[in-house]
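Asker: Sharing coords_13.txt (compact mmCIF, C-alpha atoms) below.
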# COMPACT_ATOMS: atom_id res chain seq x y z
CA MET A 1 16.31 4.33 7.78
CA LYS A 2 19.38 2.31 7.14
CA TYR A 3 18.98 -1.27 5.98
CA LEU A 4 16.13 -0.59 3.58
CA ASP A 5 18.10 -0.11 0.39
CA GLU A 6 21.19 -2.10 1.28
CA TYR A 7 19.66 -5.41 0.26
CA LYS A 8 20.75 -4.93 -3.32
CA ASP A 9 24.53 -5.05 -2.91
CA GLY A 10 26.12 -6.81 -5.89
CA ALA A 11 29.29 -7.94 -4.11
CA ILE A 12 27.27 -9.62 -1.38
CA SER A 13 25.08 -11.36 -3.93
CA LYS A 14 28.19 -12.75 -5.64
CA GLY A 15 29.42 -13.95 -2.25
CA ILE A 16 26.17 -15.77 -1.48
CA SER A 17 26.07 -17.22 -4.97
CA LYS A 18 29.59 -18.58 -4.54
CA LYS A 19 28.75 -20.07 -1.15
CA ILE A 20 25.59 -21.75 -2.50
CA LYS A 21 27.60 -23.33 -5.33
CA GLU A 22 30.18 -24.52 -2.81
CA ILE A 23 27.77 -26.30 -0.46
CA SER A 24 25.08 -27.46 -2.88
CA LYS A 25 25.48 -31.12 -3.88
CA LYS A 26 21.94 -32.53 -4.05
CA LYS A 27 19.53 -32.06 -6.90
CA ILE A 28 16.69 -30.07 -5.33
CA LYS A 29 13.48 -28.30 -6.24
CA ILE A 30 12.51 -25.06 -4.53
CA MET A 31 9.08 -23.53 -5.00
CA GLU A 32 8.37 -19.85 -4.54
CA VAL A 33 4.75 -19.70 -3.52
CA CYS A 34 4.27 -15.96 -3.94
CA GLY A 35 3.83 -14.14 -7.25
CA THR A 36 5.77 -11.14 -5.96
CA HIS A 37 8.71 -13.50 -5.40
CA THR A 38 8.33 -14.87 -8.94
CA VAL A 39 8.79 -11.39 -10.37
CA ALA A 40 11.68 -10.56 -8.00
CA ILE A 41 13.48 -13.79 -9.00
CA PHE A 42 13.35 -12.82 -12.68
CA LYS A 43 14.12 -9.15 -12.12
CA ASN A 44 17.21 -9.92 -10.07
CA GLY A 45 18.46 -12.67 -12.36
CA ILE A 46 18.49 -15.14 -9.46
CA LYS A 47 18.40 -18.18 -11.75
CA ASP A 48 21.81 -17.20 -13.13
CA LEU A 49 23.29 -17.02 -9.65
CA ILE A 50 22.45 -20.55 -8.54
CA PRO A 51 23.87 -23.87 -9.77
CA GLU A 52 21.98 -26.08 -12.23
CA ASN A 53 21.14 -28.73 -9.66
CA ILE A 54 18.75 -26.26 -7.99
CA GLU A 55 15.47 -25.91 -9.82
CA LEU A 56 13.14 -23.00 -9.02
CA LEU A 57 9.41 -23.52 -9.55
CA SER A 58 6.56 -21.04 -9.32
CA GLY A 59 3.54 -21.92 -7.23
CA PRO A 60 -0.06 -20.85 -6.83
CA GLY A 61 0.63 -17.55 -5.06
CA CYS A 62 -0.80 -15.05 -7.51
CA PRO A 63 -4.32 -14.27 -6.27
CA VAL A 64 -5.47 -13.03 -9.66
CA CYS A 65 -4.32 -16.31 -11.21
CA VAL A 66 -5.96 -18.67 -8.72
CA THR A 67 -9.34 -16.93 -8.76
CA HIS A 68 -11.78 -19.44 -10.21
CA MET A 69 -13.41 -18.69 -13.54
CA GLY A 70 -16.83 -19.12 -11.92
CA ASP A 71 -16.08 -16.26 -9.51
CA ILE A 72 -14.89 -14.01 -12.33
CA ASP A 73 -18.12 -14.78 -14.17
CA LYS A 74 -20.06 -13.74 -11.07
CA ILE A 75 -18.49 -10.28 -10.89
CA ILE A 76 -18.91 -9.85 -14.65
CA TRP A 77 -22.60 -10.74 -14.26
CA LEU A 78 -22.93 -8.01 -11.61
CA ALA A 79 -21.25 -5.47 -13.88
CA ASP A 80 -24.22 -5.69 -16.24
CA ARG A 81 -26.57 -4.26 -13.65
CA GLU A 82 -27.14 -0.54 -14.06
CA ASP A 83 -27.45 0.07 -10.33
CA VAL A 84 -24.02 -1.43 -9.58
CA ILE A 85 -20.53 0.06 -9.39
CA ILE A 86 -17.75 -2.54 -9.28
CA ALA A 87 -14.57 -1.66 -7.38
CA THR A 88 -11.57 -3.91 -7.88
CA TYR A 89 -7.79 -4.10 -7.74
CA GLY A 90 -6.24 -3.30 -11.11
CA ASP A 91 -5.18 -6.65 -12.58
CA MET A 92 -8.56 -8.23 -12.13
CA ILE A 93 -10.09 -5.94 -14.76
CA ARG A 94 -8.34 -7.75 -17.59
CA VAL A 95 -8.89 -11.36 -16.56
CA PRO A 96 -11.07 -13.07 -19.15
CA GLY A 97 -14.21 -14.75 -17.84
CA SER A 98 -16.03 -17.46 -19.79
CA LYS A 99 -17.56 -14.93 -22.18
CA SER A 100 -16.25 -11.45 -21.37
CA SER A 101 -14.00 -9.49 -19.01
CA LEU A 102 -14.57 -6.51 -16.73
CA GLN A 103 -12.51 -4.46 -19.17
CA GLN A 104 -14.88 -5.30 -22.03
CA LYS A 105 -17.86 -4.52 -19.83
CA ARG A 106 -16.32 -1.17 -18.93
CA ALA A 107 -15.76 -0.37 -22.60
CA ASN A 108 -19.48 -1.02 -23.07
CA GLY A 109 -20.42 1.46 -20.38
CA ALA A 110 -20.42 -0.50 -17.11
CA ASP A 111 -19.21 1.49 -14.09
CA ILE A 112 -16.06 -0.34 -13.02
CA ARG A 113 -13.46 1.43 -10.90
CA THR A 114 -9.91 0.39 -10.19
CA VAL A 115 -8.95 1.01 -6.58
CA TYR A 116 -5.62 0.88 -4.78
CA SER A 117 -7.25 0.15 -1.45
CA VAL A 118 -10.55 -1.35 -0.32
CA ALA A 119 -11.04 1.86 1.69
CA GLU A 120 -11.51 3.72 -1.60
CA SER A 121 -14.45 1.51 -2.48
CA LEU A 122 -16.09 2.48 0.78
CA LYS A 123 -15.58 6.11 -0.17
CA ILE A 124 -17.18 5.47 -3.56
CA ALA A 125 -20.18 3.97 -1.72
CA ARG A 126 -20.54 7.06 0.48
CA GLU A 127 -20.40 9.31 -2.58
CA ASN A 128 -22.92 7.28 -4.59
CA PRO A 129 -25.78 6.50 -2.22
CA ASN A 130 -28.09 5.55 -5.10
CA LYS A 131 -25.79 2.84 -6.41
CA GLU A 132 -24.72 -0.50 -5.01
CA VAL A 133 -20.93 -0.58 -4.70
CA VAL A 134 -19.46 -4.09 -4.83
CA PHE A 135 -15.82 -4.67 -3.97
CA PHE A 136 -14.27 -7.75 -5.58
CA GLY A 137 -12.39 -9.21 -2.62
CA ILE A 138 -9.47 -11.23 -3.90
CA GLY A 139 -6.16 -12.05 -2.28
CA PHE A 140 -4.46 -14.05 0.43
CA GLU A 141 -4.00 -13.30 4.11
CA THR A 142 -1.90 -10.24 3.23
CA THR A 143 -4.89 -8.55 1.65
CA SER A 144 -7.98 -9.99 3.32
CA PRO A 145 -7.51 -8.23 6.72
CA ASN A 146 -7.88 -4.90 4.89
CA ALA A 147 -11.22 -6.05 3.50
CA ALA A 148 -12.26 -7.17 6.97
CA VAL A 149 -11.47 -3.71 8.35
CA ALA A 150 -13.51 -2.07 5.57
CA VAL A 151 -16.53 -4.28 6.30
CA LYS A 152 -16.24 -3.42 10.00
CA MET A 153 -15.99 0.28 9.17
CA ALA A 154 -19.15 0.07 7.07
CA TYR A 155 -20.93 -1.82 9.86
CA GLU A 156 -19.92 0.72 12.48
CA GLU A 157 -20.79 3.72 10.33
CA THR A 158 -24.38 2.37 10.13
CA THR A 159 -25.28 4.80 7.33
CA VAL A 160 -23.50 2.94 4.51
CA LYS A 161 -26.03 0.43 3.29
CA ASN A 162 -24.93 0.27 -0.34
CA PHE A 163 -21.51 -1.37 0.13
CA SER A 164 -20.83 -5.07 -0.18
CA ILE A 165 -18.00 -7.41 -0.87
CA LEU A 166 -17.82 -10.43 -3.14
CA SER A 167 -15.34 -12.40 -1.08
CA VAL A 168 -13.24 -14.86 -3.04
CA HIS A 169 -10.30 -14.51 -0.66
CA LYS A 170 -8.04 -17.51 -0.39
CA LEU A 171 -6.18 -19.06 2.52
CA LEU A 172 -2.58 -20.04 2.01
CA PRO A 173 -2.19 -23.09 4.32
CA PRO A 174 -4.77 -25.31 2.53
CA ALA A 175 -3.05 -24.62 -0.81
CA LEU A 176 0.30 -25.56 0.68
CA GLY A 177 -1.28 -28.75 2.01
CA ALA A 178 -2.63 -29.58 -1.45
CA LEU A 179 0.81 -29.07 -3.00
CA LEU A 180 2.48 -31.28 -0.41
CA ASN A 181 -0.07 -34.02 -1.07
CA ASP A 182 0.27 -33.78 -4.85
CA PRO A 183 2.10 -36.92 -6.03
CA GLU A 184 3.05 -35.25 -9.34
CA LEU A 185 4.94 -32.48 -7.61
CA ASN A 186 7.98 -33.12 -5.52
CA VAL A 187 9.27 -29.98 -3.89
CA ASP A 188 12.10 -30.10 -1.35
CA GLY A 189 11.89 -26.58 -0.03
CA PHE A 190 9.58 -23.60 -0.05
CA LEU A 191 10.38 -19.91 -0.28
CA CYS A 192 7.45 -18.85 1.89
CA PRO A 193 5.63 -15.62 1.08
CA GLY A 194 7.01 -12.75 3.16
CA HIS A 195 3.92 -10.62 3.48
CA ALA A 196 1.29 -13.34 3.89
CA SER A 197 3.55 -14.78 6.60
CA ALA A 198 3.70 -11.36 8.29
CA ILE A 199 0.00 -11.97 8.99
CA ILE A 200 -0.24 -15.73 9.55
CA GLY A 201 3.14 -16.27 11.23
CA THR A 202 5.18 -19.47 10.92
CA GLU A 203 3.34 -21.93 13.15
CA VAL A 204 1.49 -23.34 10.14
CA TYR A 205 4.78 -24.22 8.40
CA LYS A 206 6.05 -26.05 11.49
CA GLY A 207 3.32 -28.70 11.28
CA ALA A 208 3.96 -29.20 7.55
CA CYS A 209 7.72 -29.32 8.10
CA GLU A 210 7.43 -32.07 10.72
CA LYS A 211 4.93 -34.09 8.72
CA TYR A 212 6.52 -33.83 5.27
CA ARG A 213 10.18 -33.11 6.16
CA ARG A 214 10.51 -30.18 3.76
CA SER A 215 12.36 -26.94 4.23
CA PHE A 216 10.43 -23.68 4.78
CA VAL A 217 12.13 -20.28 4.72
CA VAL A 218 10.14 -17.06 4.89
CA ALA A 219 11.83 -14.75 2.41
CA GLY A 220 11.96 -11.00 1.87
CA PHE A 221 11.61 -9.46 -1.57
CA GLU A 222 14.95 -7.86 -2.42
CA GLY A 223 17.45 -9.80 -4.51
CA LEU A 224 19.70 -10.45 -1.52
CA ASP A 225 16.78 -11.61 0.62
CA ILE A 226 15.87 -14.23 -1.97
CA LEU A 227 19.42 -15.46 -2.54
CA HIS A 228 20.01 -15.59 1.20
CA SER A 229 16.80 -17.61 1.64
CA ILE A 230 17.85 -20.05 -1.09
CA TYR A 231 21.17 -20.44 0.72
CA MET A 232 19.29 -21.19 3.97
CA ILE A 233 17.15 -23.86 2.25
CA VAL A 234 20.17 -25.45 0.58
CA LYS A 235 22.07 -25.50 3.88
CA GLN A 236 19.14 -27.13 5.70
CA LEU A 237 18.75 -29.79 3.01
CA GLU A 238 22.47 -30.52 2.70
CA ASP A 239 22.64 -30.90 6.50
CA ASP A 240 19.56 -33.15 6.31
CA ASN A 241 17.82 -30.84 8.73
CA PRO A 242 14.70 -29.42 7.07
CA SER A 243 13.23 -26.75 9.32
CA VAL A 244 11.32 -23.47 9.46
CA GLU A 245 13.35 -20.26 9.43
CA ILE A 246 12.53 -16.59 8.95
CA GLN A 247 14.98 -14.76 6.72
CA TYR A 248 12.65 -11.73 6.53
CA SER A 249 12.79 -11.12 10.28
CA ARG A 250 12.59 -7.34 9.92
CA VAL A 251 8.94 -7.78 8.96
CA VAL A 252 7.82 -11.29 9.95
CA LYS A 253 7.41 -12.57 13.52
CA PRO A 254 6.77 -16.23 14.41
CA GLN A 255 3.36 -15.38 15.88
CA GLY A 256 2.35 -13.29 12.84
CA ASN A 257 0.13 -10.24 13.18
CA ILE A 258 -2.34 -11.03 15.96
CA ARG A 259 -4.50 -7.95 15.45
CA ALA A 260 -4.90 -8.69 11.74
CA LYS A 261 -5.79 -12.31 12.47
CA GLU A 262 -8.40 -11.17 14.99
CA VAL A 263 -10.21 -8.82 12.62
CA LEU A 264 -10.03 -11.42 9.86
CA ASN A 265 -11.63 -13.99 12.12
CA GLU A 266 -14.24 -11.55 13.34
CA VAL A 267 -15.55 -10.67 9.89
CA PHE A 268 -14.88 -13.85 7.89
CA GLU A 269 -15.10 -17.57 8.42
CA PRO A 270 -13.38 -20.33 6.44
CA THR A 271 -15.42 -21.88 3.67
CA ASP A 272 -14.85 -24.41 0.88
CA SER A 273 -13.44 -22.65 -2.15
CA LYS A 274 -12.63 -23.45 -5.76
CA TRP A 275 -9.14 -22.60 -7.03
CA ARG A 276 -8.11 -22.40 -10.63
CA GLY A 277 -5.65 -25.20 -11.20
CA ILE A 278 -6.17 -26.91 -7.89
CA GLY A 279 -9.96 -27.37 -7.77
CA LEU A 280 -12.16 -27.44 -4.71
CA LEU A 281 -10.24 -27.21 -1.45
CA PRO A 282 -12.13 -27.62 1.81
CA GLN A 283 -12.02 -24.61 4.14
CA SER A 284 -9.65 -22.69 1.86
CA GLY A 285 -11.69 -19.55 1.25
CA LEU A 286 -13.30 -16.85 3.36
CA ALA A 287 -17.03 -16.18 3.66
CA VAL A 288 -18.60 -13.17 5.37
CA ARG A 289 -19.93 -14.09 8.83
CA ASP A 290 -23.67 -13.79 9.59
CA LYS A 291 -23.18 -10.70 11.74
CA TYR A 292 -22.01 -8.80 8.64
CA ALA A 293 -24.42 -10.46 6.17
CA GLU A 294 -25.74 -7.11 4.89
CA PHE A 295 -22.29 -6.47 3.36
CA ASP A 296 -22.04 -9.87 1.68
CA ALA A 297 -22.63 -9.60 -2.08
CA LEU A 298 -23.39 -13.33 -2.25
CA ARG A 299 -26.42 -12.76 -0.02
CA LYS A 300 -27.35 -9.34 -1.37
CA PHE A 301 -27.67 -10.37 -5.01
CA ASP A 302 -29.48 -13.29 -6.52
CA PHE A 303 -26.74 -14.86 -8.64
CA PRO A 304 -27.97 -17.26 -11.33
CA GLU A 305 -26.43 -20.68 -11.91
CA MET A 306 -23.63 -20.18 -14.43
CA GLU A 307 -21.57 -22.66 -16.38
CA SER A 308 -17.96 -21.57 -16.59
CA GLU A 309 -15.36 -23.01 -18.89
CA GLU A 310 -11.60 -22.71 -19.01
CA PRO A 311 -10.23 -21.38 -22.33
CA LYS A 312 -9.29 -24.20 -24.73
CA GLY A 313 -5.62 -25.13 -24.87
CA CYS A 314 -4.66 -23.02 -21.83
CA ILE A 315 -2.50 -24.91 -19.34
CA CYS A 316 -2.74 -22.35 -16.50
CA PRO A 317 -4.04 -25.07 -14.15
CA ASP A 318 -0.83 -27.12 -14.52
CA ILE A 319 1.39 -24.04 -14.36
CA LEU A 320 -0.20 -22.98 -11.08
CA ARG A 321 0.60 -26.39 -9.59
CA GLY A 322 4.22 -26.16 -10.71
CA ILE A 323 3.82 -29.22 -12.99
CA LYS A 324 4.40 -27.43 -16.29
CA ARG A 325 6.27 -24.35 -17.46
CA PRO A 326 4.75 -21.60 -19.63
CA THR A 327 7.06 -22.55 -22.51
CA GLU A 328 5.30 -25.92 -22.67
CA CYS A 329 2.00 -24.21 -23.56
CA LYS A 330 1.09 -24.09 -27.26
CA LEU A 331 -0.60 -20.71 -26.79
CA PHE A 332 2.38 -19.07 -25.06
CA ARG A 333 3.74 -15.93 -26.75
CA ASN A 334 1.95 -16.05 -30.12
CA VAL A 335 -1.67 -16.53 -29.13
CA CYS A 336 -1.42 -15.65 -25.45
CA ASN A 337 0.64 -12.61 -24.46
CA PRO A 338 0.24 -9.60 -22.14
CA ASP A 339 -1.64 -7.65 -24.83
CA ASN A 340 -4.03 -10.50 -25.43
CA PRO A 341 -4.01 -12.77 -22.40
CA VAL A 342 -5.90 -16.04 -22.73
CA GLY A 343 -5.25 -17.33 -19.22
CA ALA A 344 -5.00 -15.61 -15.88
CA CYS A 345 -1.27 -16.38 -15.46
CA MET A 346 -0.60 -14.03 -18.38
CA VAL A 347 -2.88 -11.25 -17.13
CA SER A 348 -1.35 -10.47 -13.78
CA PHE A 349 2.13 -9.00 -13.97
CA GLU A 350 2.94 -11.41 -11.16
CA GLY A 351 1.61 -14.39 -13.08
CA THR A 352 4.16 -17.02 -14.06
CA CYS A 353 3.38 -16.72 -17.78
CA SER A 354 3.67 -12.94 -17.72
CA ALA A 355 7.02 -13.14 -15.91
CA TYR A 356 8.31 -15.70 -18.44
CA PHE A 357 7.10 -13.55 -21.33
CA LYS A 358 8.85 -10.47 -20.02
CA TYR A 359 12.10 -11.94 -18.77
CA THR A 360 12.95 -15.03 -20.83
CA MET B 1 -0.46 -8.51 -5.48
CA CYS B 2 1.11 -9.04 -2.07
CA LEU B 3 3.41 -6.14 -2.73
CA GLY B 4 4.47 -4.28 0.41
CA ILE B 5 6.20 -0.93 0.32
CA PRO B 6 8.27 0.36 3.25
CA GLY B 7 7.69 3.97 4.23
CA LYS B 8 8.35 6.38 7.07
CA ILE B 9 5.58 7.77 9.24
CA ILE B 10 5.65 11.57 9.28
CA GLY B 11 2.32 12.22 10.96
CA VAL B 12 -0.42 10.34 12.82
CA SER B 13 -4.05 11.29 13.33
CA LYS B 14 -6.22 8.66 15.04
CA ASN B 15 -6.11 5.51 12.88
CA VAL B 16 -4.51 7.17 9.86
CA ALA B 17 -0.82 7.91 9.34
CA THR B 18 0.82 10.08 6.71
CA VAL B 19 3.61 7.96 5.30
CA GLN B 20 6.51 9.13 3.16
CA PHE B 21 7.58 6.79 0.34
CA GLY B 22 10.53 8.39 -1.41
CA ALA B 23 9.10 11.62 -2.80
CA VAL B 24 5.47 10.58 -2.36
CA GLN B 25 3.23 10.93 0.69
CA ARG B 26 0.12 8.87 1.27
CA ASP B 27 -2.48 8.32 3.96
CA VAL B 28 -2.23 4.85 5.41
CA PHE B 29 -4.62 3.06 7.78
CA LEU B 30 -3.13 1.79 11.02
CA ASP B 31 -6.04 -0.49 11.93
CA ILE B 32 -4.20 -3.78 11.65
CA VAL B 33 -0.62 -3.00 12.62
CA ASP B 34 -0.21 -4.84 15.93
CA VAL B 35 2.47 -2.85 17.74
CA PRO B 36 2.29 0.85 18.64
CA VAL B 37 3.73 3.05 15.89
CA ASP B 38 4.57 6.72 15.83
CA VAL B 39 6.28 9.44 13.83
CA ASN B 40 9.70 8.35 12.49
CA ASP B 41 8.83 4.65 12.61
CA TYR B 42 9.00 2.66 9.39
CA VAL B 43 6.03 0.56 8.39
CA LEU B 44 5.36 -1.89 5.62
CA VAL B 45 2.31 -0.80 3.65
CA HIS B 46 0.07 -3.08 1.58
CA ALA B 47 -2.88 -1.65 -0.39
CA GLY B 48 -3.31 1.37 1.87
CA PHE B 49 -2.89 -0.43 5.20
CA ALA B 50 0.23 -0.73 7.37
CA ILE B 51 0.59 -4.47 7.97
CA SER B 52 3.81 -4.48 9.98
CA LYS B 53 6.23 -2.19 11.76
CA ILE B 54 9.72 -2.67 10.33
CA ASP B 55 12.01 -3.90 13.06
CA GLU B 56 15.21 -1.86 12.77
CA GLU B 57 17.19 -4.15 15.04
CA GLU B 58 16.26 -7.23 12.98
CA ALA B 59 17.02 -5.33 9.75
CA ARG B 60 20.51 -4.62 11.09
CA LYS B 61 21.06 -8.24 12.17
CA THR B 62 20.02 -9.62 8.78
CA TYR B 63 22.30 -7.17 7.04
CA GLU B 64 25.22 -8.19 9.23
CA LEU B 65 24.58 -11.82 8.32
CA LEU B 66 24.59 -10.83 4.66
CA GLU B 67 27.82 -8.90 5.00
CA GLU B 68 29.56 -12.07 6.13
CA PHE B 69 29.13 -13.34 2.58
CA LEU B 70 31.41 -10.54 1.36
CA SER B 71 34.40 -12.53 2.58
CA TYR B 72 33.45 -15.36 0.18
CA GLU B 73 33.39 -12.95 -2.68
CA VAL B 74 36.94 -11.70 -2.05
CA SER B 75 38.42 -15.02 -0.93
In structure tokens, how does this file's structure come out?
Answerer:
Amino acid sequence: MKYLDEYKDGAISKGISKKIKEISKKKIKIMEVCGTHTVAIFKNGIKDLIPENIELLSGPGCPVCVTHMGDIDKIIWLADREDVIIATYGDMIRVPGSKSSLQQKRANGADIRTVYSVAESLKIARENPNKEVVFFGIGFETTSPNAAVAVKMAYEETTVKNFSILSVHKLLPPALGALLNDPELNVDGFLCPGHASAIIGTEVYKGACEKYRRSFVVAGFEGLDILHSIYMIVKQLEDDNPSVEIQYSRVVKPQGNIRAKEVLNEVFEPTDSKWRGIGLLPQSGLAVRDKYAEFDALRKFDFPEMESEEPKGCICPDILRGIKRPTECKLFRNVCNPDNPVGACMVSFEGTCSAYFKYT
Amino acid sequence: MCLGIPGKIIGVSKNVATVQFGAVQRDVFLDIVDVPVDVNDYVLVHAGFAISKIDEEEARKTYELLEEFLSYEVS
């Protein structure tokens, strides 16, 4: 198909860069909410293509990074059981819990499998009928519909009784609300996550835009997409007309993905959820509905009360809120680095600390 | 984490499509894509599931908008 690889044209990017510099007068802050955008911004050298009066901040959009320590401790506790196989997306393996990590547990003999898709964990369950297979369900609205489909598949198959999901999925809109209400953070415009928006649509941004008068542009992931989206935000703000626009229209529709939203709503219901960095947000997580209770790890296993602590000196919580930069952390680079991550923002390759380590 | 990879459908069997990504082929679930898709369509794939059909017309329009910036580069 044409128009898949063309979004990398250097001459066009210079043109957009020039135009942004020409129209941009105000000092503004733009937050990219999504970790995939954070990496794309560094990879494409976007910060060198925009004037100094535009500041780019990273937000809480890396699911690995916002997963609460208490939830990581839960999955690590499960890994100790001999009858359990843990299935998880790759990055999560390395995230340190209060006392250990899945990686350390695996080195000590626990059966922990990295999967590319939740469907693989269902397959592992079919192949290991004598084990309990627990999928660690992390991620935003981009990822959670897949988990919902897998739970439905297991339910409809009726023979898979040994599959469950520890759902720590997060919802994007409550996090956005928390950022907008945070007096310490003053963001003028948001680069909205392209793929989460492909599911949730743009209605949610409209309410926030009217209430808070900020700019919201749903951005694609190529260098040109991001520059173009920054241009759109700058133009809106310079014209004093903050609004909601979709730059990534080849993938995102205003109504979102209705089928995905339906399956999500059928299997999960909103629940209060703790976020690293942000704390407890009402109705910001997803719990398995009663109909599918047999696939809910929280109900299947008797988790003990656990006390979880954040690592000393780690400022991940402030980095996730866009208040501090990784370079302001005493642990950054020497103590905390991708080989020996202390905090979650260094573990995930989409974490802000990891991106700063690699590209600055 | 929210990485999405565009690929071309080269075969469909019930709710699973075979999708070509460059030199690699993979099975992809079609359970949540909300418009009908078929062979030769492009879909955006996230963690083994197609989450969106790529709209060729919109892709062209966006690219045309981008091309307008070329004039700033030469001017």
Asker: When you look at Asp38 in chain B with a cut-off of 12 Å (counting all atoms listed in the file), what residues show up, excluding the ones that are within fewer than 3 positions of it in the same chain? I need them as number ranges by chain.
Answerer: B: 8-19, 30, 33, 35, 41-43, 53
Asker: Could you take the residues named above and write them with C-alpha atoms, as a PDB file, keeping the file's coordinate frame?
Answerer:
ATOM      1  CA  LYS B   8       8.350   6.380   7.070  1.00  0.00           C
ATOM      2  CA  ILE B   9       5.580   7.770   9.240  1.00  0.00           C
ATOM      3  CA  ILE B  10       5.650  11.570   9.280  1.00  0.00           C
ATOM      4  CA  GLY B  11       2.320  12.220  10.960  1.00  0.00           C
ATOM      5  CA  VAL B  12      -0.420  10.340  12.820  1.00  0.00           C
ATOM      6  CA  SER B  13      -4.050  11.290  13.330  1.00  0.00           C
ATOM      7  CA  LYS B  14      -6.220   8.660  15.040  1.00  0.00           C
ATOM      8  CA  ASN B  15      -6.110   5.510  12.880  1.00  0.00           C
ATOM      9  CA  VAL B  16      -4.510   7.170   9.860  1.00  0.00           C
ATOM     10  CA  ALA B  17      -0.820   7.910   9.340  1.00  0.00           C
ATOM     11  CA  THR B  18       0.820  10.080   6.710  1.00  0.00           C
ATOM     12  CA  VAL B  19       3.610   7.960   5.300  1.00  0.00           C
ATOM     13  CA  LEU B  30      -3.130   1.790  11.020  1.00  0.00           C
ATOM     14  CA  VAL B  33      -0.620  -3.000  12.620  1.00  0.00           C
ATOM     15  CA  VAL B  35       2.470  -2.850  17.740  1.00  0.00           C
ATOM     16  CA  ASP B  41       8.830   4.650  12.610  1.00  0.00           C
ATOM     17  CA  TYR B  42       9.000   2.660   9.390  1.00  0.00           C
ATOM     18  CA  VAL B  43       6.030   0.560   8.390  1.00  0.00           C
ATOM     19  CA  LYS B  53       6.230  -2.190  11.760  1.00  0.00           C
TER      20      LYS B  53
END
Asker: What is the distance between CA of Gly313 in chain A and CA of His37 in chain A, in Å to one decimal?
Answerer: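 Result for CA of Gly313 in chain A versus CA of His37 in chain A: 26.8 Å, one decimal.
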Asker: Would you kindly report the residues of chain B within 7 Å of chain A, using all atoms listed in the file, as a compact mmCIF listing (two decimals) with C-alpha atoms, in the coordinates of the input?
Answerer:
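As written to disk, out-v7.txt reads:
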# COMPACT_ATOMS: atom_id res chain seq x y z
CA MET B 1 -0.46 -8.51 -5.48
CA CYS B 2 1.11 -9.04 -2.07
CA LEU B 3 3.41 -6.14 -2.73
CA ILE B 32 -4.20 -3.78 11.65
CA VAL B 33 -0.62 -3.00 12.62
CA ASP B 34 -0.21 -4.84 15.93
CA ALA B 47 -2.88 -1.65 -0.39
CA GLY B 48 -3.31 1.37 1.87
CA PHE B 49 -2.89 -0.43 5.20
CA SER B 52 3.81 -4.48 9.98
CA LYS B 53 6.23 -2.19 11.76
CA ILE B 54 9.72 -2.67 10.33
CA ASP B 55 12.01 -3.90 13.06
CA GLU B 56 15.21 -1.86 12.77
CA GLU B 58 16.26 -7.23 12.98
CA ALA B 59 17.02 -5.33 9.75
CA ARG B 60 20.51 -4.62 11.09
CA TYR B 63 22.30 -7.17 7.04
CA LEU B 66 24.59 -10.83 4.66
CA GLU B 67 27.82 -8.90 5.00
CA PHE B 69 29.13 -13.34 2.58
CA LEU B 70 31.41 -10.54 1.36
CA TYR B 72 33.45 -15.36 0.18
CA GLU B 73 33.39 -12.95 -2.68
Asker: Taking only C-alpha atoms into account, which of A:Glu305, A:Glu210, A:Asp296, A:Glu203 comes nearest Val134 in chain A?
Answerer: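 Smallest distance to Val134 in chain A is found for A:Asp296.
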Asker: Within 6 Å of (-18.5, -8.8, -16.4) (coordinates as in the file), grab all the protein and nucleic acid residues, counting only C-alpha atoms, and write them out as an NGL selection string.
Answerer: :A and (75-77 or 79 or 101-102 or 105)
Asker: Hey, can you pull every residue with an atom no more than 7 Å from (-23.2, -2.0, -2.5), using all atoms listed in the file, and send it as a ChimeraX atom specification?
Answerer: /A:125,131-134,161-164
Asker: Provide range 260-267 of chain A rebuilt to N, CA and C atoms, formatted as a PDB file, in the coordinates of the input.
Answerer:
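Result written to out_3.pdb:
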ATOM      1  N   ALA A 260      -4.345  -8.421  13.078  1.00  0.00           N
ATOM      2  CA  ALA A 260      -4.900  -8.690  11.740  1.00  0.00           C
ATOM      3  C   ALA A 260      -5.664 -10.012  11.744  1.00  0.00           C
ATOM      4  N   LYS A 261      -5.113 -11.009  12.424  1.00  0.00           N
ATOM      5  CA  LYS A 261      -5.790 -12.310  12.470  1.00  0.00           C
ATOM      6  C   LYS A 261      -7.121 -12.195  13.201  1.00  0.00           C
ATOM      7  N   GLU A 262      -7.157 -11.352  14.232  1.00  0.00           N
ATOM      8  CA  GLU A 262      -8.400 -11.170  14.990  1.00  0.00           C
ATOM      9  C   GLU A 262      -9.507 -10.556  14.134  1.00  0.00           C
ATOM     10  N   VAL A 263      -9.168  -9.488  13.419  1.00  0.00           N
ATOM     11  CA  VAL A 263     -10.210  -8.820  12.620  1.00  0.00           C
ATOM     12  C   VAL A 263     -10.663  -9.723  11.468  1.00  0.00           C
ATOM     13  N   LEU A 264      -9.714 -10.474  10.937  1.00  0.00           N
ATOM     14  CA  LEU A 264     -10.030 -11.420   9.860  1.00  0.00           C
ATOM     15  C   LEU A 264     -11.043 -12.447  10.354  1.00  0.00           C
ATOM     16  N   ASN A 265     -10.770 -12.962  11.537  1.00  0.00           N
ATOM     17  CA  ASN A 265     -11.630 -13.990  12.120  1.00  0.00           C
ATOM     18  C   ASN A 265     -12.970 -13.415  12.579  1.00  0.00           C
ATOM     19  N   GLU A 266     -12.981 -12.142  12.896  1.00  0.00           N
ATOM     20  CA  GLU A 266     -14.240 -11.550  13.340  1.00  0.00           C
ATOM     21  C   GLU A 266     -15.213 -11.373  12.173  1.00  0.00           C
ATOM     22  N   VAL A 267     -14.684 -10.999  11.024  1.00  0.00           N
ATOM     23  CA  VAL A 267     -15.550 -10.670   9.890  1.00  0.00           C
ATOM     24  C   VAL A 267     -15.790 -11.878   8.970  1.00  0.00           C
TER      25      VAL A 267
END
